[in-house]
Amino acid sequence: AAIDDNILYLGDVSNSLGHEYGLVNLAAFLAQCMKETIQYDACDENNWDLFNGVYPLSNACGQLEQSYQNYKCPPEEQHMECPVDPNMEITATTHANWYGAPPGLFCAPKSKLPITGIWDHEYWCDCPWNGESCDVYEGQKSGRFDNEVAVANRAGRTDVEGCCWWGRGVIQTTGVCNYGKLNYYLGKAAADEGRDSRYPDIDFCKTPEIICASEEHAELKWIAGLFYWMKDVQSYNQDGWHYLTELYKFVNGGMTDMGFIDAVSGIVNRLVRLR
């Protein structure tokens with residue numbers, strides 16, 4: 001089905017290479033999904049940004065100096081944007097599983113958690129002779145929460161208020177604009193305005209974690225990724241770089257120039273400010 005006149009591009013029947021264009025577009029999407037989440041068996045973004053030798057809990061607000069709650073929509077789409085609710089409390093459904101891995105990202109108001117510290121990944125928690133066990137999450141082998149002092153992430157955050165907009169789904173939907181667009185086109189906002197809605201009872205702005213947590217709609221992790229790909233990647237056209245034009249060049253050139261794949265990955269991962 002089309003979303004705001006956008007469909008998943010599957011090729012061009014008028015061109016002898018048309019089927020290859022479609023297959024490459026689909027392969028690029030799946031490759032990005034593999035890079036982002038599938039290889040980690042993840043849905044929620046992992047807390048992976050080791051800063052000054054520790055994992056700040058405020059990485060939920062954004063990693064690598066990002067601030068997810070500040071990824072706003074452009075003026076023409078501001079009406080779609082999710083509001084930031086400082087009282088929202090969410091804990092991620094999935095998390096990393098390496099030795100000492102931090103548990104799932106979480107957000108909470110300052111009234112409940114005035115400051116946040118770190119996940120001490122080096123702490124040896126499996127000490128039955130001391131009455132200690134690794135019980136924060138199933139399969140945990142080491143680590144513990146340490147909130148004795150405030151520890152900032154790379155962007156300087158020492159709290160997790162309003163920080164509920166981390167990446168979710170196969171291609172990591174992130175930020176208040178992207179969740180707002182998902183709600184506007186596919187969720188409750190569409191239904192409330194009398195427009196067709198695939199998920200009329202789901203408010204992605206109030207329950208963003210449903211992308212990873214829903215058992216009834218387990219497909220949401222894929223729907224969110226496909227929506228982003230159709231709406232923003234296939235239509236990408238900035239600074240003289242147009243996604244479909246470059247895809248055609250890549251296929252016509254024998255699919256040997258990996259610059260196309262690198263550029264697509266850069267688009268998705270904000271090396272350009274797409275989301």
# chains A, B, ... in the order shown; residues from 1 in each chain; ligands from 1
call {"tool": "select_by_dssp", "arguments": {"residues": "segment 72-112 of chain A", "states": "helix (DSSP H, G or I)", "output": "PyMOL selection string"}}
result
chain A and resi 75-80
call {"tool": "residues_around", "arguments": {"residues": "segment 177-188 of chain A", "least_positions_apart": "5", "cutoff": "10 Å", "atoms": "only C-alpha atoms", "output": "ChimeraX atom specification"}}
result
/A:3-4,68-74,77-83,165,167-168,193-208,223-224,227-228,231-232,275
call {"tool": "residues_around", "arguments": {"residues": "Pro103 of chain A", "least_positions_apart": "4", "cutoff": "8 Å", "atoms": "only C-alpha atoms", "output": "list in words"}}
result
Asn47, His95, Ala96, Val136 and Tyr137 of chain A
call {"tool": "closest_atom_pairs", "arguments": {"of": "segment 73-134 of chain A", "to": "segment 140-147 of chain A", "cutoff": "12 Å", "atoms": "only C-alpha atoms", "output": "CSV"}}
result
residue,atom,partner,partner_atom,distance
A:His95,CA,A:Gln140,CA,10.7
A:Ala96,CA,A:Gln140,CA,9.9
A:Asn97,CA,A:Gln140,CA,7.5
A:Trp98,CA,A:Lys141,CA,8.6
A:Tyr99,CA,A:Lys141,CA,6.0
A:Gly100,CA,A:Ser142,CA,4.6
A:Ala101,CA,A:Gly143,CA,7.4
A:Pro102,CA,A:Gly143,CA,7.4
A:Pro103,CA,A:Gln140,CA,8.6
A:Gly104,CA,A:Phe145,CA,11.8
A:Leu113,CA,A:Asn147,CA,9.4
A:Pro114,CA,A:Asn147,CA,10.0
A:Ile115,CA,A:Asn147,CA,7.3
A:Thr116,CA,A:Asn147,CA,5.5
A:Gly117,CA,A:Asn147,CA,4.2
A:Ile118,CA,A:Asp146,CA,5.3
A:Trp119,CA,A:Phe145,CA,4.8
A:Asp120,CA,A:Gly143,CA,5.1
A:His121,CA,A:Gly143,CA,4.1
A:Glu122,CA,A:Gly143,CA,5.7
A:Tyr123,CA,A:Gly143,CA,4.6
A:Trp124,CA,A:Ser142,CA,5.1
A:Cys125,CA,A:Ser142,CA,5.3
A:Asp126,CA,A:Ser142,CA,6.8
A:Cys127,CA,A:Ser142,CA,10.1
A:Glu132,CA,A:Arg144,CA,10.9
A:Ser133,CA,A:Ser142,CA,9.0
A:Cys134,CA,A:Gln140,CA,5.7
call {"tool": "select_by_dssp", "arguments": {"residues": "segment 187-252 of chain A", "states": "strand (DSSP E)", "output": "MDAnalysis selection string"}}
result
chainID A and resid 237:238 241:242
call {"tool": "write_last_selection", "arguments": {"atoms": "N, CA, C and O atoms", "output": "PDB file, in the first residue's frame"}}
result
ATOM      1  N   ASN A 237      17.083  13.346  -1.605  1.00  0.00           N
ATOM      2  CA  ASN A 237      17.626  14.171  -2.680  1.00  0.00           C
ATOM      3  C   ASN A 237      18.208  15.441  -2.074  1.00  0.00           C
ATOM      4  O   ASN A 237      17.522  16.436  -1.904  1.00  0.00           O
ATOM      5  N   GLN A 238      19.479  15.378  -1.696  1.00  0.00           N
ATOM      6  CA  GLN A 238      20.145  16.522  -1.083  1.00  0.00           C
ATOM      7  C   GLN A 238      21.549  16.682  -1.630  1.00  0.00           C
ATOM      8  O   GLN A 238      22.240  15.693  -1.910  1.00  0.00           O
ATOM      9  N   TRP A 241      22.768  14.641  -4.520  1.00  0.00           N
ATOM     10  CA  TRP A 241      22.780  13.176  -4.428  1.00  0.00           C
ATOM     11  C   TRP A 241      21.343  12.701  -4.306  1.00  0.00           C
ATOM     12  O   TRP A 241      20.678  12.918  -3.294  1.00  0.00           O
ATOM     13  N   HIS A 242      20.852  12.023  -5.369  1.00  0.00           N
ATOM     14  CA  HIS A 242      19.475  11.546  -5.417  1.00  0.00           C
ATOM     15  C   HIS A 242      19.491  10.031  -5.353  1.00  0.00           C
ATOM     16  O   HIS A 242      20.149   9.367  -6.171  1.00  0.00           O
TER      17      HIS A 242
END
call {"tool": "residues_around", "arguments": {"residues": "segment 23-33 of chain A", "least_positions_apart": "5", "cutoff": "10 Å", "atoms": "only C-alpha atoms", "output": "PDB file with N, CA and C atoms, in the first residue's frame"}}
result
ATOM      1  N   LEU A   8       7.112   1.006  -1.789  1.00  0.00           N
ATOM      2  CA  LEU A   8       8.415   0.360  -1.845  1.00  0.00           C
ATOM      3  C   LEU A   8       8.776   0.144  -3.306  1.00  0.00           C
ATOM      4  N   TYR A   9       9.891   0.722  -3.721  1.00  0.00           N
ATOM      5  CA  TYR A   9      10.301   0.657  -5.120  1.00  0.00           C
ATOM      6  C   TYR A   9      10.787  -0.747  -5.462  1.00  0.00           C
ATOM      7  N   LEU A  10      10.115  -1.401  -6.408  1.00  0.00           N
ATOM      8  CA  LEU A  10      10.449  -2.769  -6.789  1.00  0.00           C
ATOM      9  C   LEU A  10      10.884  -2.893  -8.245  1.00  0.00           C
ATOM     10  N   GLY A  11      11.197  -1.767  -8.876  1.00  0.00           N
ATOM     11  CA  GLY A  11      11.753  -1.829 -10.215  1.00  0.00           C
ATOM     12  C   GLY A  11      10.956  -1.057 -11.242  1.00  0.00           C
ATOM     13  N   GLY A  18      15.177  -3.189 -15.142  1.00  0.00           N
ATOM     14  CA  GLY A  18      14.229  -2.703 -14.140  1.00  0.00           C
ATOM     15  C   GLY A  18      14.085  -3.608 -12.937  1.00  0.00           C
ATOM     16  N   ILE A  38      19.758  -6.876  12.948  1.00  0.00           N
ATOM     17  CA  ILE A  38      19.588  -8.323  12.822  1.00  0.00           C
ATOM     18  C   ILE A  38      20.811  -9.068  13.342  1.00  0.00           C
ATOM     19  N   GLN A  39      22.008  -8.567  13.043  1.00  0.00           N
ATOM     20  CA  GLN A  39      23.216  -9.265  13.480  1.00  0.00           C
ATOM     21  C   GLN A  39      23.335  -9.294  15.000  1.00  0.00           C
ATOM     22  N   GLY A 169      13.244  -0.981  16.107  1.00  0.00           N
ATOM     23  CA  GLY A 169      12.883  -1.593  14.838  1.00  0.00           C
ATOM     24  C   GLY A 169      14.092  -1.962  14.016  1.00  0.00           C
ATOM     25  N   VAL A 170      13.853  -2.601  12.871  1.00  0.00           N
ATOM     26  CA  VAL A 170      14.947  -3.170  12.087  1.00  0.00           C
ATOM     27  C   VAL A 170      15.916  -2.126  11.561  1.00  0.00           C
ATOM     28  N   ILE A 171      15.451  -0.892  11.422  1.00  0.00           N
ATOM     29  CA  ILE A 171      16.346   0.135  10.900  1.00  0.00           C
ATOM     30  C   ILE A 171      16.477   1.294  11.875  1.00  0.00           C
ATOM     31  N   GLN A 172      16.040   1.061  13.130  1.00  0.00           N
ATOM     32  CA  GLN A 172      16.235   1.983  14.233  1.00  0.00           C
ATOM     33  C   GLN A 172      15.559   3.347  14.030  1.00  0.00           C
ATOM     34  N   TRP A 222       9.336  -4.341  11.580  1.00  0.00           N
ATOM     35  CA  TRP A 222       9.579  -4.275  10.142  1.00  0.00           C
ATOM     36  C   TRP A 222       8.788  -3.136   9.501  1.00  0.00           C
ATOM     37  N   GLY A 225      10.594   0.125   9.935  1.00  0.00           N
ATOM     38  CA  GLY A 225      11.760   0.241   9.056  1.00  0.00           C
ATOM     39  C   GLY A 225      11.379   0.485   7.608  1.00  0.00           C
ATOM     40  N   LEU A 226      10.384  -0.242   7.117  1.00  0.00           N
ATOM     41  CA  LEU A 226       9.927  -0.060   5.737  1.00  0.00           C
ATOM     42  C   LEU A 226       9.341   1.332   5.533  1.00  0.00           C
ATOM     43  N   TRP A 229      12.189   3.729   5.184  1.00  0.00           N
ATOM     44  CA  TRP A 229      12.876   3.535   3.902  1.00  0.00           C
ATOM     45  C   TRP A 229      12.071   4.153   2.760  1.00  0.00           C
ATOM     46  N   MET A 230      10.760   3.869   2.750  1.00  0.00           N
ATOM     47  CA  MET A 230       9.896   4.391   1.694  1.00  0.00           C
ATOM     48  C   MET A 230       9.767   5.902   1.751  1.00  0.00           C
ATOM     49  N   VAL A 233      14.283   7.443   2.685  1.00  0.00           N
ATOM     50  CA  VAL A 233      15.493   7.009   1.979  1.00  0.00           C
ATOM     51  C   VAL A 233      15.271   7.016   0.470  1.00  0.00           C
ATOM     52  N   GLN A 234      14.219   6.360   0.002  1.00  0.00           N
ATOM     53  CA  GLN A 234      13.967   6.304  -1.450  1.00  0.00           C
ATOM     54  C   GLN A 234      13.785   7.695  -2.055  1.00  0.00           C
ATOM     55  N   TYR A 243      18.780   9.461  -4.377  1.00  0.00           N
ATOM     56  CA  TYR A 243      18.871   8.019  -4.112  1.00  0.00           C
ATOM     57  C   TYR A 243      18.599   7.175  -5.360  1.00  0.00           C
ATOM     58  N   LEU A 244      17.461   7.372  -6.007  1.00  0.00           N
ATOM     59  CA  LEU A 244      17.115   6.515  -7.145  1.00  0.00           C
ATOM     60  C   LEU A 244      18.077   6.701  -8.309  1.00  0.00           C
ATOM     61  N   LEU A 247      21.095   4.793  -7.429  1.00  0.00           N
ATOM     62  CA  LEU A 247      20.810   3.359  -7.519  1.00  0.00           C
ATOM     63  C   LEU A 247      20.909   2.897  -8.974  1.00  0.00           C
ATOM     64  N   TYR A 248      20.325   3.676  -9.894  1.00  0.00           N
ATOM     65  CA  TYR A 248      20.402   3.328 -11.321  1.00  0.00           C
ATOM     66  C   TYR A 248      21.860   3.275 -11.775  1.00  0.00           C
ATOM     67  N   PHE A 250      24.482   2.695 -10.002  1.00  0.00           N
ATOM     68  CA  PHE A 250      25.135   1.539  -9.372  1.00  0.00           C
ATOM     69  C   PHE A 250      24.839   0.259 -10.152  1.00  0.00           C
ATOM     70  N   VAL A 251      23.594   0.051 -10.505  1.00  0.00           N
ATOM     71  CA  VAL A 251      23.211  -1.148 -11.251  1.00  0.00           C
ATOM     72  C   VAL A 251      23.767  -1.095 -12.674  1.00  0.00           C
ATOM     73  N   MET A 255      27.293  -2.875 -10.546  1.00  0.00           N
ATOM     74  CA  MET A 255      27.217  -3.052  -9.087  1.00  0.00           C
ATOM     75  C   MET A 255      28.583  -3.289  -8.456  1.00  0.00           C
ATOM     76  N   PHE A 260      28.022   3.658  -3.391  1.00  0.00           N
ATOM     77  CA  PHE A 260      26.565   3.763  -3.263  1.00  0.00           C
ATOM     78  C   PHE A 260      26.100   3.171  -1.932  1.00  0.00           C
ATOM     79  N   ILE A 261      26.585   1.982  -1.595  1.00  0.00           N
ATOM     80  CA  ILE A 261      26.197   1.326  -0.357  1.00  0.00           C
ATOM     81  C   ILE A 261      26.652   2.150   0.848  1.00  0.00           C
ATOM     82  N   VAL A 264      24.361   5.191   1.256  1.00  0.00           N
ATOM     83  CA  VAL A 264      23.055   4.844   1.808  1.00  0.00           C
ATOM     84  C   VAL A 264      23.156   4.626   3.310  1.00  0.00           C
ATOM     85  N   SER A 265      24.189   3.924   3.738  1.00  0.00           N
ATOM     86  CA  SER A 265      24.396   3.705   5.165  1.00  0.00           C
ATOM     87  C   SER A 265      24.600   5.028   5.888  1.00  0.00           C
ATOM     88  N   VAL A 268      21.195   6.777   6.439  1.00  0.00           N
ATOM     89  CA  VAL A 268      20.417   6.177   7.520  1.00  0.00           C
ATOM     90  C   VAL A 268      21.017   6.504   8.882  1.00  0.00           C
ATOM     91  N   ASN A 269      22.321   6.579   8.963  1.00  0.00           N
ATOM     92  CA  ASN A 269      22.987   6.787  10.250  1.00  0.00           C
ATOM     93  C   ASN A 269      23.354   8.239  10.539  1.00  0.00           C
TER      94      ASN A 269
END
